[in-house]
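Shown next: coords-v1.cif, given as mmCIF, C-alpha atoms.
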data_data
#
loop_
_atom_site.group_PDB
_atom_site.id
_atom_site.type_symbol
_atom_site.label_atom_id
_atom_site.label_comp_id
_atom_site.auth_asym_id
_atom_site.auth_seq_id
_atom_site.Cartn_x
_atom_site.Cartn_y
_atom_site.Cartn_z
ATOM 1 C CA MET A 1 -11.258 2.821 -29.165
ATOM 2 C CA ARG A 2 -8.137 0.689 -29.132
ATOM 3 C CA ILE A 3 -6.273 -0.198 -25.941
ATOM 4 C CA TYR A 4 -2.927 0.223 -27.670
ATOM 5 C CA THR A 5 -1.554 3.555 -28.861
ATOM 6 C CA ARG A 6 1.970 2.528 -29.907
ATOM 7 C CA GLY A 7 3.117 5.687 -28.120
ATOM 8 C CA GLY A 8 5.302 3.749 -25.722
ATOM 9 C CA ASP A 9 6.977 1.470 -28.230
ATOM 10 C CA LYS A 10 10.230 3.428 -28.011
ATOM 11 C CA GLY A 11 10.499 3.276 -24.201
ATOM 12 C CA ARG A 12 8.791 6.538 -23.282
ATOM 13 C CA THR A 13 5.424 7.274 -21.752
ATOM 14 C CA GLY A 14 3.294 10.320 -21.018
ATOM 15 C CA ILE A 15 2.678 11.823 -17.589
ATOM 16 C CA HIS A 16 0.105 14.343 -16.399
ATOM 17 C CA GLY A 17 0.743 17.627 -18.184
ATOM 18 C CA GLY A 18 1.822 16.015 -21.445
ATOM 19 C CA GLU A 19 5.534 15.539 -20.757
ATOM 20 C CA ARG A 20 7.032 12.247 -21.987
ATOM 21 C CA VAL A 21 9.523 10.433 -19.784
ATOM 22 C CA ASP A 22 11.455 7.179 -19.947
ATOM 23 C CA LYS A 23 9.462 4.140 -18.863
ATOM 24 C CA ASP A 24 12.011 3.471 -16.132
ATOM 25 C CA ASP A 25 11.823 7.055 -14.823
ATOM 26 C CA ILE A 26 11.452 7.036 -11.026
ATOM 27 C CA ARG A 27 7.990 8.612 -11.310
ATOM 28 C CA ILE A 28 6.867 5.700 -13.514
ATOM 29 C CA GLU A 29 8.588 3.181 -11.204
ATOM 30 C CA ALA A 30 6.749 4.608 -8.192
ATOM 31 C CA ASN A 31 3.408 4.618 -9.971
ATOM 32 C CA GLY A 32 3.919 1.136 -11.369
ATOM 33 C CA THR A 33 4.562 -0.140 -7.864
ATOM 34 C CA LEU A 34 1.436 1.586 -6.536
ATOM 35 C CA ASP A 35 -0.454 -0.070 -9.394
ATOM 36 C CA GLU A 36 0.896 -3.448 -8.233
ATOM 37 C CA VAL A 37 -0.383 -2.696 -4.724
ATOM 38 C CA ASN A 38 -3.799 -1.884 -6.106
ATOM 39 C CA ALA A 39 -3.887 -5.118 -8.112
ATOM 40 C CA GLN A 40 -2.776 -7.153 -5.088
ATOM 41 C CA ILE A 41 -5.531 -5.587 -2.982
ATOM 42 C CA GLY A 42 -7.896 -6.555 -5.802
ATOM 43 C CA VAL A 43 -6.779 -10.176 -5.373
ATOM 44 C CA VAL A 44 -7.557 -9.990 -1.648
ATOM 45 C CA ARG A 45 -11.001 -8.553 -2.385
ATOM 46 C CA ALA A 46 -11.636 -11.321 -4.912
ATOM 47 C CA LEU A 47 -10.819 -13.903 -2.235
ATOM 48 C CA LEU A 48 -13.189 -12.326 0.281
ATOM 49 C CA PRO A 49 -16.951 -12.913 0.194
ATOM 50 C CA PRO A 50 -18.842 -9.917 -1.288
ATOM 51 C CA GLU A 51 -20.446 -9.143 2.084
ATOM 52 C CA HIS A 52 -17.153 -9.208 4.019
ATOM 53 C CA GLU A 53 -16.588 -6.121 6.191
ATOM 54 C CA TRP A 54 -13.229 -5.441 4.524
ATOM 55 C CA GLN A 55 -14.736 -5.026 1.044
ATOM 56 C CA ASP A 56 -15.612 -1.392 1.804
ATOM 57 C CA VAL A 57 -12.276 -0.669 3.516
ATOM 58 C CA LEU A 58 -10.193 -2.204 0.734
ATOM 59 C CA GLY A 59 -12.401 -0.679 -1.968
ATOM 60 C CA LYS A 60 -11.874 2.778 -0.457
ATOM 61 C CA ILE A 61 -8.117 2.160 -0.390
ATOM 62 C CA GLN A 62 -8.148 1.087 -4.056
ATOM 63 C CA ARG A 63 -10.029 4.225 -5.084
ATOM 64 C CA GLU A 64 -7.682 6.395 -3.019
ATOM 65 C CA LEU A 65 -4.668 4.688 -4.600
ATOM 66 C CA MET A 66 -5.957 5.752 -8.024
ATOM 67 C CA VAL A 67 -6.028 9.385 -6.835
ATOM 68 C CA VAL A 68 -2.581 8.999 -5.265
ATOM 69 C CA MET A 69 -1.238 7.606 -8.553
ATOM 70 C CA SER A 70 -2.642 10.590 -10.451
ATOM 71 C CA HIS A 71 -0.754 12.902 -8.074
ATOM 72 C CA VAL A 72 2.456 10.900 -8.380
ATOM 73 C CA ALA A 73 2.110 11.174 -12.176
ATOM 74 C CA THR A 74 1.872 14.959 -11.867
ATOM 75 C CA PRO A 75 5.067 17.029 -11.566
ATOM 76 C CA SER A 76 4.953 19.338 -8.539
ATOM 77 C CA ALA A 77 5.119 22.438 -10.767
ATOM 78 C CA ILE A 78 1.647 21.684 -12.188
ATOM 79 C CA ARG A 79 0.157 19.745 -9.248
ATOM 80 C CA ASP A 80 -2.493 22.442 -8.715
ATOM 81 C CA LYS A 81 -3.922 21.548 -12.146
ATOM 82 C CA ASN A 82 -4.611 17.918 -11.132
ATOM 83 C CA PRO A 83 -8.412 17.591 -10.932
ATOM 84 C CA ASN A 84 -8.291 14.620 -8.521
ATOM 85 C CA ALA A 85 -8.512 15.684 -4.887
ATOM 86 C CA LEU A 86 -6.525 13.761 -2.297
ATOM 87 C CA SER A 87 -8.521 12.871 0.795
ATOM 88 C CA ASP A 88 -7.344 14.680 3.893
ATOM 89 C CA ASP A 89 -8.061 11.652 6.079
ATOM 90 C CA LEU A 90 -5.999 8.917 4.393
ATOM 91 C CA VAL A 91 -3.567 8.525 7.282
ATOM 92 C CA VAL A 92 -6.256 8.833 9.961
ATOM 93 C CA PHE A 93 -8.443 6.299 8.128
ATOM 94 C CA CYS A 94 -5.611 3.747 8.173
ATOM 95 C CA GLU A 95 -4.797 4.461 11.808
ATOM 96 C CA GLN A 96 -8.430 4.027 12.854
ATOM 97 C CA GLN A 97 -8.613 0.680 11.064
ATOM 98 C CA ILE A 98 -5.342 -0.445 12.663
ATOM 99 C CA ASP A 99 -6.493 0.585 16.140
ATOM 100 C CA THR A 100 -9.834 -1.201 15.772
ATOM 101 C CA LEU A 101 -8.220 -4.473 14.711
ATOM 102 C CA THR A 102 -5.304 -4.286 17.129
ATOM 103 C CA ALA A 103 -7.616 -3.788 20.104
ATOM 104 C CA GLN A 104 -9.088 -7.242 19.437
ATOM 105 C CA MET A 105 -5.760 -9.133 19.291
ATOM 106 C CA GLU A 106 -2.984 -9.864 21.726
ATOM 107 C CA ASP A 107 0.288 -7.970 21.403
ATOM 108 C CA ASN A 108 2.649 -9.394 18.824
ATOM 109 C CA GLY A 109 6.192 -9.382 20.196
ATOM 110 C CA PHE A 110 7.601 -11.525 17.413
ATOM 111 C CA PHE A 111 8.611 -11.309 13.815
ATOM 112 C CA ILE A 112 6.223 -13.623 12.023
ATOM 113 C CA LEU A 113 6.571 -15.565 8.817
ATOM 114 C CA PRO A 114 4.098 -14.445 6.149
ATOM 115 C CA GLY A 115 1.587 -17.111 5.216
ATOM 116 C CA GLY A 116 -1.023 -18.946 7.201
ATOM 117 C CA THR A 117 -4.213 -18.413 5.262
ATOM 118 C CA LEU A 118 -4.471 -17.429 1.614
ATOM 119 C CA ILE A 119 -5.943 -14.049 2.529
ATOM 120 C CA SER A 120 -3.284 -13.381 5.167
ATOM 121 C CA ALA A 121 -0.508 -14.341 2.742
ATOM 122 C CA HIS A 122 -1.879 -12.008 0.047
ATOM 123 C CA LEU A 123 -2.219 -9.163 2.558
ATOM 124 C CA GLN A 124 1.423 -9.705 3.538
ATOM 125 C CA LEU A 125 2.424 -9.674 -0.131
ATOM 126 C CA ALA A 126 0.510 -6.415 -0.630
ATOM 127 C CA ARG A 127 2.328 -5.011 2.421
ATOM 128 C CA THR A 128 5.728 -5.753 0.888
ATOM 129 C CA VAL A 129 4.738 -4.121 -2.391
ATOM 130 C CA VAL A 130 3.594 -1.017 -0.473
ATOM 131 C CA ARG A 131 7.005 -0.905 1.208
ATOM 132 C CA ARG A 132 8.661 -0.987 -2.221
ATOM 133 C CA ALA A 133 6.328 1.779 -3.422
ATOM 134 C CA GLU A 134 7.275 3.804 -0.368
ATOM 135 C CA ARG A 135 10.980 3.426 -1.189
ATOM 136 C CA ARG A 136 10.351 4.501 -4.790
ATOM 137 C CA LEU A 137 8.307 7.502 -3.610
ATOM 138 C CA TRP A 138 11.137 8.656 -1.348
ATOM 139 C CA THR A 139 13.537 8.405 -4.287
ATOM 140 C CA LEU A 140 11.133 10.503 -6.382
ATOM 141 C CA ASN A 141 10.777 12.938 -3.483
ATOM 142 C CA ARG A 142 14.502 13.723 -3.731
ATOM 143 C CA GLN A 143 13.988 14.753 -7.377
ATOM 144 C CA ASP A 144 10.529 16.351 -7.218
ATOM 145 C CA PRO A 145 8.634 16.800 -3.943
ATOM 146 C CA VAL A 146 5.917 14.231 -3.265
ATOM 147 C CA GLU A 147 3.013 15.417 -1.150
ATOM 148 C CA GLU A 148 3.660 14.632 2.516
ATOM 149 C CA ASN A 149 0.303 12.928 3.045
ATOM 150 C CA ILE A 150 1.098 10.480 0.214
ATOM 151 C CA LEU A 151 4.370 9.523 1.899
ATOM 152 C CA GLN A 152 2.598 9.141 5.247
ATOM 153 C CA PHE A 153 -0.286 7.192 3.682
ATOM 154 C CA THR A 154 2.015 4.600 2.118
ATOM 155 C CA ASN A 155 3.794 4.130 5.430
ATOM 156 C CA ARG A 156 0.508 3.685 7.281
ATOM 157 C CA LEU A 157 -1.009 1.509 4.547
ATOM 158 C CA SER A 158 1.729 -1.086 4.967
ATOM 159 C CA ASP A 159 1.025 -1.099 8.713
ATOM 160 C CA LEU A 160 -2.675 -1.572 8.026
ATOM 161 C CA LEU A 161 -2.096 -4.463 5.637
ATOM 162 C CA PHE A 162 0.195 -6.138 8.191
ATOM 163 C CA THR A 163 -2.458 -5.695 10.884
ATOM 164 C CA MET A 164 -5.168 -7.065 8.600
ATOM 165 C CA ALA A 165 -2.977 -10.092 7.814
ATOM 166 C CA ARG A 166 -2.522 -10.741 11.524
ATOM 167 C CA TYR A 167 -6.218 -10.196 12.184
ATOM 168 C CA GLU A 168 -7.133 -12.676 9.457
ATOM 169 C CA MET A 169 -4.978 -15.271 11.222
ATOM 170 C CA PHE A 170 -6.623 -14.364 14.548
ATOM 171 C CA ARG A 171 -10.126 -14.519 13.074
ATOM 172 C CA GLN A 172 -9.468 -17.940 11.544
ATOM 173 C CA ASP A 173 -7.902 -19.161 14.827
ATOM 174 C CA HIS A 174 -4.757 -19.924 12.849
ATOM 175 C CA THR A 175 -1.484 -19.786 14.778
ATOM 176 C CA GLU A 176 1.060 -17.288 13.510
ATOM 177 C CA GLU A 177 4.393 -18.861 12.680
ATOM 178 C CA ARG A 178 6.914 -16.969 14.800
ATOM 179 C CA TRP A 179 10.495 -16.407 13.784
ATOM 180 C CA GLN A 180 12.004 -14.642 16.798
ATOM 181 C CA SER A 181 11.056 -11.995 19.331
ATOM 182 C CA PHE A 182 11.759 -8.360 18.634
ATOM 183 C CA LEU A 183 15.271 -7.475 19.784
ATOM 184 C CA TYR A 184 14.103 -4.584 21.947
ATOM 185 C CA LYS A 185 11.774 -6.958 23.807
ATOM 186 C CA ARG A 186 14.538 -9.530 24.345
ATOM 187 C CA LYS A 187 16.777 -6.955 26.076
ATOM 188 C CA LYS A 188 14.360 -6.531 28.980
#

Would you mind writing the structure in this file as structure tokens?
Amino acid sequence: MRIYTRGGDKGRTGIHGGERVDKDDIRIEANGTLDEVNAQIGVVRALLPPEHEWQDVLGKIQRELMVVMSHVATPSAIRDKNPNALSDDLVVFCEQQIDTLTAQMEDNGFFILPGGTLISAHLQLARTVVRRAERRLWTLNRQDPVEENILQFTNRLSDLLFTMARYEMFRQDHTEERWQSFLYKRKK
């Protein structure tokens, strides 16, 4: 089997259900951005030791992103024919992870500059790509409804990646580089 099909050489690609769309179609843009997130999470996992506690968490997220991408690739009119089941607990899973990590750190009342450790910097990069994916998904949602739990999951996933980046700095006893305090906290 060859990796290339030549089917996309004219700027179109197939989506679930057999329809062909332009490669810059918003559905393809959204999925391409989710694919970038998945690859960036793969970089983080490659930087972590195999026995690190986040391997399972990030691996689950990568697998769930593949299911999410299959749903994004499926027009809403034929969504019920997609054989990949979305987990009902995607948002709750992220929230539980956030709460567990946050409980171990002090409150962050500042905007922080991404960086610090290599792992923290890559988690921050993944967070920004998730935010871009979220924007693309909302654009798609105006054309063809995106499942609500996918929209919520991307929002929560960026929060989780931010929290993990902060926790990595905390765990390594590395000082976060602060930019300025949150405006709402300065008004008090």

*For A:Gln97, work out the shell of residues within 12 Å, counting all atoms listed in the file and skipping chain neighbours fewer than 6 positions away, then give it as a list in words.*
Glu53, Trp54, Asp56, Val57, Leu58, Ile61, Leu90, Val91, Ala103, Gln104, Arg156, Leu157, Asp159, Leu160, Leu161, Phe162, Thr163, Met164 and Tyr167 of chain A

*May I have the protein, DNA and RNA residues with any atom at most 12 Å from the point (-7.0, -9.7, -4.3), counting only C-alpha atoms, written as a list in words?*
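Residues found, by chain and rising number: Glu36, Val37, Asn38, Ala39, Gln40, Ile41, Gly42, Val43, Val44, Arg45, Ala46, Leu47, Leu48, Pro49, Trp54, Gln55, Leu58, Gly59, Gln62, Leu118, Ile119, Ser120, Ala121, His122, Leu123, Gln124, Leu125 and Ala126 of chain A.
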
*May I ask for the distance between atom CA of A:Glu29 and atom CA of A:Arg136, given in Å to one decimal place?*
6.8 Å

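Coordinates place atom CA of A:Ala133 at a distance of 13.7 Å from atom CA of A:Asp25.
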
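Of the residues under consideration (A:Ala77, A:Leu101, A:Val72, A:Met1), A:Leu101 shows the shortest atom-to-atom contact distance to A:Arg166 when counting only C-alpha atoms.
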
*asked:* So that I can check the surroundings of A:Arg135, please list as a list in words every protein, DNA and RNA residue that reaches within 10 Å of it, counting only C-alpha atoms and ignoring chain neighbours fewer than 4 positions away.
replied: Ala30, Thr33, Val129, Val130, Arg131, Thr139, Leu140, Asn141, Leu151, Thr154 and Asn155 of chain A

*asked:* Nearest residue to A:Val92 out of A:Ile26, A:Tyr4, A:Phe153, A:Met169, using only C-alpha atoms?
replied: A:Phe153

*Given only C-alpha atoms as the counted atoms, nearest of A:Leu34, A:Ile78, A:Ile3, A:Ala165 to A:Leu137*: A:Leu34

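Of the listed residues (A:Val146, A:Arg132, A:Gly8, A:Glu168), A:Glu168 comes nearest to A:Met105; the distances count all atoms listed in the file.
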
*Considering only C-alpha atoms, state which residue in the set A:Arg2, A:Asp173, A:His52, A:Ala73 is at the smallest distance from A:Ile28.*
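Closest to A:Ile28 of all the choices is A:Ala73.
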
*asked:* On this structure, the PyMOL selection byres ((chain A and resi 70) around 12) would catch which residues? List them as a ChimeraX atom specification, sorted by chain and number.
replied: /A:15-17,27-28,30-32,34-35,63-69,71-76,79-86,146-147,150
